[in-house]
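Notes to accompany the following structure.
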Amino acid sequence: MAYTNVQFIGYVLDTAPQVNPDGSKTYLGLSDPRLDIEARCDVMLRAMQTARDALPQTSPPVPEGETLKVFLAPEFFFRGASGAYQMDDVQRAITSLQRLAADDQWVDWVFVFGTILGASSATQQTPPYDIDPLASTEIYNFALVQQGGMAAQGDAGARMVMKELMSGVDFIATAANPGGLLLGDVEHWPASTGGGLGREQQEVNYDGAGVFELAGITWGLEVCLDHGGTVRRLQRSPQLPGQKLIQLQVVPSCGMGIQAPSVITQAGGYVFNCDGSGAASHSTLVQQVPPVANVPLLSSAPVGDAAVALQSTSPMEDVAVSALYARGPGVVNIYPAQALPAQQVVAGNTVCLDWPASPDYRFIFQLVYNSSGNFVTLVCEIRSKKANFYGNNYFLPLSLQTQDSWKQDVRIQMTLAAGSSPYAGAVWCKINVPGFIFEGNAFEFSATYGGPAPFTIWQSTDTDTDGLGDDNL
């Protein structure tokens with residue numbers, strides 16, 4: 001849908017560990033992670049329904065497909081009594097949240113369900129989990145973004161963004177609750193990217209990168225510390241020329257506010273933060289005018305604090321919301337609907353080179369030049385009838401070893417090298433794939449967009465107007 005307006009709703013509540021009278025901290029939650037997830041999903045649904053009912057009514061009603069509602073919860077909403085869930089329970093949380101959002105009433109909504117903490121341990125656990133602090137435990141902290149409505153149910157309407165940096169407040173430092181994960185005993189999931197032009201663009205829904213398209217809008221998402229003034233994750237990886245600029249930037253956090261140097265939206269875009277850091281929990285909306293300007297809050301509505309009735313227990317058990325979140329179920333903050341800025345793209349140019357290396361392998365290179373006409377980077381897409389490269393765009397240097405569908409080895413190396421006059425650069429390749437072996441410079445290219453056309457080792461027979469050759473391969 002081509003939305004013309006966007007309205008932001010922040011679900012503000014305390015998602016930090018409980019601080020005990022002696023100053024120690026405890027993870028809140030139920031000992032059985034399945035029940036814990038059920039209870040937290042119940043609280044989330046309450047907040048969603050509270051937001052829906054508290055939206056200002058207009059006369060006549062706003063037509064469907066005109067205003068997108070963006071619902072954002074803070075970091076650590078799904079954490080559990082041990083500090084993180086095991087893999088099966090992470091999937092249970094995702095499935096449960098997607099089921100909540102799938103109802104027709106959530107058409108024209110996009111939900112950012114805070115973050116989910118997952119743990120991959122060397123020791124197989126059974127509920128209730130008693131995680132051995134000496135076990136090798138790998139942690140990942142990610143935000144699930146889900147488009148609402150039946151048409152977007154499941155993965156087609158979902159995106160996942162991984163937090164790259166672990167903060168010192170992400171986990172409890174000393175053992176206040178037995179079995180809980182401690183800061184010194186976890187290894188954070190490795191970063192999805194080291195930064196660089198275009199490297200945060202998602203290629204597939206769940207690849208963890210921070211820039212993606214959903215509901216016809218270009219989004220950027222950073223979790224807490226990734227947005228910090230010295231980290232500036234998305235600022236380190238601006239979009240490539242020709243790519244769409246970010247219209248909406250969202251920051252779920254627990255101890256972070258919007259940092260002006262980290263804002264990367266296009267002119268007129270919005271940055272929305274929802275933070276769960278104890279008594280300081282808050283939500284903030286700013287617009288990149290520029291500079292950034294605060295958008296005032298329209299209204300707030302408390303989320304009901306009745307006990308959660310667990311439907312999967314027999315007899316049903318009641319759980320106090322305070323057993324999950326130290327300061328109760330919180331409030332939803334509603335901001336006035338805003339005009340969605342028209343999509344802009346990054347200035348600059350690209351040159352496409354299509355190398356039909358063999359009947360089974362083709363390499364498509366995109367040379368990228370900035371708005372001043374200077375070369376900045378290149379990416380390579382590999383297409384094959386026998387191996388699946390998932391449409392990935394690879395940055396150089398590239399060193400790839402895999403197998404095709406017939407279990408045959410596939411080895412591909414590429415790196416930038418010096419060119420010969422009048423060319424400034426070249427792409428050196430060492431390719432050993434079934435039916436094709438090559439080593440040397442595949443092509444040479446100019447340092448400027450207006451320079452001589454690239455010199456390639458192949459004769460192109462491409463007559464397609466899209467510049468990508470025969471798409472039957």
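Convention: chains lettered A, B, ... in structure tokens order; per-chain residue numbering from 1; ligands numbered from 1 as shown.
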May I have the residues within 12 Å of segment 430-434 of chain A as a CSV table (one decimal) with C-alpha atoms, in the first residue's frame, using only C-alpha atoms and disregarding those fewer than 2 positions away in the same chain?
```csv
chain,number,residue,atom,x,y,z
A,357,ALA,CA,31.3,-17.2,-17.3
A,358,SER,CA,29.8,-20.6,-18.2
A,359,PRO,CA,26.5,-22.2,-19.0
A,360,ASP,CA,26.0,-22.7,-15.2
A,361,TYR,CA,27.6,-19.6,-13.6
A,362,ARG,CA,27.2,-15.9,-14.2
A,363,PHE,CA,28.8,-13.0,-12.3
A,382,ILE,CA,26.5,-14.7,-8.4
A,384,SER,CA,23.9,-20.3,-10.9
A,385,LYS,CA,21.7,-23.2,-12.0
A,386,LYS,CA,23.5,-25.6,-9.7
A,387,ALA,CA,24.2,-23.5,-6.5
A,397,PRO,CA,37.4,-9.0,-1.0
A,398,LEU,CA,35.4,-12.2,-1.3
A,399,SER,CA,36.5,-15.7,-0.4
A,400,LEU,CA,33.7,-18.2,-0.8
A,401,GLN,CA,33.8,-22.0,-0.4
A,402,THR,CA,30.6,-24.1,-0.6
A,403,GLN,CA,29.1,-27.0,-2.5
A,404,ASP,CA,26.5,-27.1,-5.3
A,405,SER,CA,23.4,-29.2,-5.3
A,406,TRP,CA,25.4,-32.1,-6.6
A,407,LYS,CA,27.9,-31.9,-3.7
A,408,GLN,CA,30.6,-30.6,-5.9
A,409,ASP,CA,33.1,-28.0,-4.5
A,410,VAL,CA,32.6,-24.4,-5.4
A,411,ARG,CA,35.5,-22.0,-4.7
A,412,ILE,CA,35.4,-18.3,-5.6
A,413,GLN,CA,37.9,-15.6,-4.6
A,414,MET,CA,37.8,-12.0,-5.7
A,415,THR,CA,39.7,-8.9,-4.7
A,427,VAL,CA,39.0,-7.1,-10.2
A,428,TRP,CA,41.2,-10.1,-9.8
A,436,PHE,CA,34.8,-23.4,-15.3
A,437,ILE,CA,38.2,-22.5,-14.0
A,438,PHE,CA,39.7,-19.0,-14.2
A,439,GLU,CA,42.5,-17.0,-12.5
A,440,GLY,CA,43.4,-13.4,-13.4
A,441,ASN,CA,41.9,-9.9,-13.9
A,442,ALA,CA,38.3,-10.3,-15.0
```
Give me the residues within 7 Å of segment 201-215 of chain A as a short mmCIF file (atom, residue, chain, number, x, y, z; two decimals) with all heavy atoms, in the first residue's frame, counting only C-alpha atoms and dropping any in the same chain fewer than 3 places off.
```cif
data_model
loop_
_atom_site.label_atom_id
_atom_site.label_comp_id
_atom_site.auth_asym_id
_atom_site.auth_seq_id
_atom_site.Cartn_x
_atom_site.Cartn_y
_atom_site.Cartn_z
N MET A 1 0.83 -1.19 0.00
CA MET A 1 0.00 0.00 0.00
C MET A 1 0.87 1.25 0.00
O MET A 1 1.93 1.27 0.63
CB MET A 1 -0.91 0.00 1.23
CG MET A 1 -1.95 -1.12 1.25
SD MET A 1 -3.04 -0.98 2.66
CE MET A 1 -4.08 -2.43 2.41
N ALA A 158 7.59 -10.17 7.81
CA ALA A 158 8.47 -10.06 8.98
C ALA A 158 9.87 -9.66 8.56
O ALA A 158 10.35 -9.99 7.48
CB ALA A 158 8.53 -11.40 9.72
N ARG A 159 10.53 -8.92 9.46
CA ARG A 159 11.95 -8.61 9.33
C ARG A 159 12.59 -8.82 10.70
O ARG A 159 11.95 -8.66 11.73
CB ARG A 159 12.17 -7.16 8.87
CG ARG A 159 11.47 -6.79 7.57
CD ARG A 159 12.08 -7.49 6.37
NE ARG A 159 11.46 -7.05 5.13
CZ ARG A 159 10.41 -7.63 4.56
NH1 ARG A 159 9.85 -8.69 5.14
NH2 ARG A 159 9.91 -7.16 3.43
N MET A 160 13.86 -9.18 10.71
CA MET A 160 14.60 -9.35 11.96
C MET A 160 15.90 -8.58 11.89
O MET A 160 16.62 -8.67 10.89
CB MET A 160 14.87 -10.84 12.21
CG MET A 160 15.53 -11.12 13.56
SD MET A 160 17.33 -11.04 13.48
CE MET A 160 17.72 -12.60 12.69
N VAL A 161 16.19 -7.80 12.93
CA VAL A 161 17.43 -7.04 13.01
C VAL A 161 18.17 -7.45 14.28
O VAL A 161 17.62 -7.39 15.38
CB VAL A 161 17.18 -5.52 13.00
CG1 VAL A 161 18.50 -4.76 13.15
CG2 VAL A 161 16.47 -5.11 11.71
N MET A 162 19.42 -7.86 14.12
CA MET A 162 20.24 -8.32 15.23
C MET A 162 20.97 -7.15 15.88
O MET A 162 21.51 -6.28 15.18
CB MET A 162 21.26 -9.33 14.72
CG MET A 162 22.01 -10.06 15.81
SD MET A 162 21.06 -11.42 16.51
CE MET A 162 21.06 -12.58 15.14
N SER A 192 26.75 -8.56 12.33
CA SER A 192 26.36 -8.96 10.98
C SER A 192 27.18 -8.24 9.92
O SER A 192 27.27 -8.67 8.78
CB SER A 192 24.87 -8.68 10.76
OG SER A 192 24.61 -7.29 10.85
N GLY A 198 26.44 0.52 1.90
CA GLY A 198 25.44 -0.45 1.50
C GLY A 198 25.41 -1.74 2.27
O GLY A 198 24.58 -2.61 2.01
N THR A 218 10.93 2.45 3.45
CA THR A 218 12.31 2.07 3.76
C THR A 218 12.61 2.41 5.23
O THR A 218 12.44 3.54 5.65
CB THR A 218 13.30 2.79 2.84
OG1 THR A 218 12.95 2.53 1.48
CG2 THR A 218 14.72 2.30 3.09
N TRP A 219 13.03 1.38 5.97
CA TRP A 219 13.25 1.48 7.41
C TRP A 219 14.73 1.31 7.74
O TRP A 219 15.48 0.60 7.06
CB TRP A 219 12.50 0.37 8.16
CG TRP A 219 11.03 0.30 7.91
CD1 TRP A 219 10.41 -0.05 6.73
CD2 TRP A 219 9.99 0.55 8.85
NE1 TRP A 219 9.05 -0.02 6.89
CE2 TRP A 219 8.76 0.34 8.18
CE3 TRP A 219 9.97 0.93 10.19
CZ2 TRP A 219 7.53 0.50 8.81
CZ3 TRP A 219 8.76 1.09 10.83
CH2 TRP A 219 7.55 0.88 10.14
N GLY A 220 15.12 1.90 8.87
CA GLY A 220 16.40 1.61 9.50
C GLY A 220 16.13 1.28 10.96
O GLY A 220 15.28 1.92 11.59
N LEU A 221 16.79 0.26 11.49
CA LEU A 221 16.56 -0.13 12.89
C LEU A 221 17.90 -0.39 13.55
O LEU A 221 18.75 -1.11 13.01
CB LEU A 221 15.67 -1.37 12.96
CG LEU A 221 15.12 -1.73 14.34
CD1 LEU A 221 13.78 -2.49 14.21
CD2 LEU A 221 16.09 -2.56 15.18
N GLU A 222 18.07 0.20 14.74
CA GLU A 222 19.24 -0.05 15.59
C GLU A 222 18.74 -0.37 16.99
O GLU A 222 17.82 0.29 17.48
CB GLU A 222 20.14 1.18 15.64
CG GLU A 222 20.76 1.56 14.30
CD GLU A 222 21.30 2.98 14.30
OE1 GLU A 222 20.53 3.91 14.62
OE2 GLU A 222 22.48 3.15 13.96
N ASN A 392 22.37 -12.75 -2.93
CA ASN A 392 23.26 -11.88 -2.15
C ASN A 392 24.13 -11.02 -3.05
O ASN A 392 24.60 -11.46 -4.10
CB ASN A 392 24.17 -12.72 -1.24
CG ASN A 392 23.42 -13.31 -0.08
OD1 ASN A 392 22.45 -12.73 0.40
ND2 ASN A 392 23.86 -14.47 0.38
#
```
**Prompt:** With distances taken over only C-alpha atoms, which of A:Pro60, A:Gly114, A:Gly80, A:Pro341 is nearest to Ala323 of chain A?
**Reply:**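 Closest to Ala323 of chain A, using only C-alpha atoms: A:Gly80.
Put simply, atom CA of Arg327 of chain A is 9.8 Å away from atom CA of Ala16 of chain A.
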**Request:** Extract, using only C-alpha atoms, all DNA, RNA and protein residues at most 10 Å from Gly450 of chain A, discarding same-chain residues fewer than 4 positions from it, and format them as a VMD selection string.
**Result:** chain A and resid 369 373 to 374 446
Write the residues you've just listed into a file as a compact mmCIF listing (two decimals), in the first residue's frame, and include C-alpha atoms for each of them.
```
# COMPACT_ATOMS: atom_id res chain seq x y z
CA TYR A 369 30.28 6.00 -8.24
CA GLY A 373 31.59 10.79 -10.12
CA ASN A 374 34.30 9.09 -8.07
CA SER A 446 38.08 3.77 -14.38
```
**Message:** For the structure I just gave you, how does DSSP split segment 62-307 of chain A - specifically, which residues are strand (DSSP E or B)? Reply as a PyMOL selection string.
**Reply:** chain A and resi 67-72+78+85+109-112+116-121+137-147+158-162+172+182+186-188+201+208+211-214+217-221+244+246-253+265-275+282-288+292-294+299-302
Who sits within 9 Å of Thr456 of chain A, only C-alpha atoms, same chain under 4 positions skipped, as a PDB file with C-alpha atoms, in the first residue's frame:
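Result file is out23.pdb:
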```pdb
ATOM      1  CA  LEU A 353      28.908  -5.589 -15.925  1.00  0.00           C
ATOM      2  CA  TRP A 355      29.941 -11.891 -17.048  1.00  0.00           C
ATOM      3  CA  ASN A 441      41.856  -9.944 -13.851  1.00  0.00           C
ATOM      4  CA  ALA A 442      38.251 -10.301 -14.953  1.00  0.00           C
ATOM      5  CA  PHE A 443      38.042  -6.619 -15.889  1.00  0.00           C
ATOM      6  CA  GLU A 444      39.632  -3.194 -15.406  1.00  0.00           C
ATOM      7  CA  PHE A 445      37.722   0.008 -14.671  1.00  0.00           C
ATOM      8  CA  SER A 460      29.151  -9.342 -23.794  1.00  0.00           C
TER       9      SER A 460
END
```
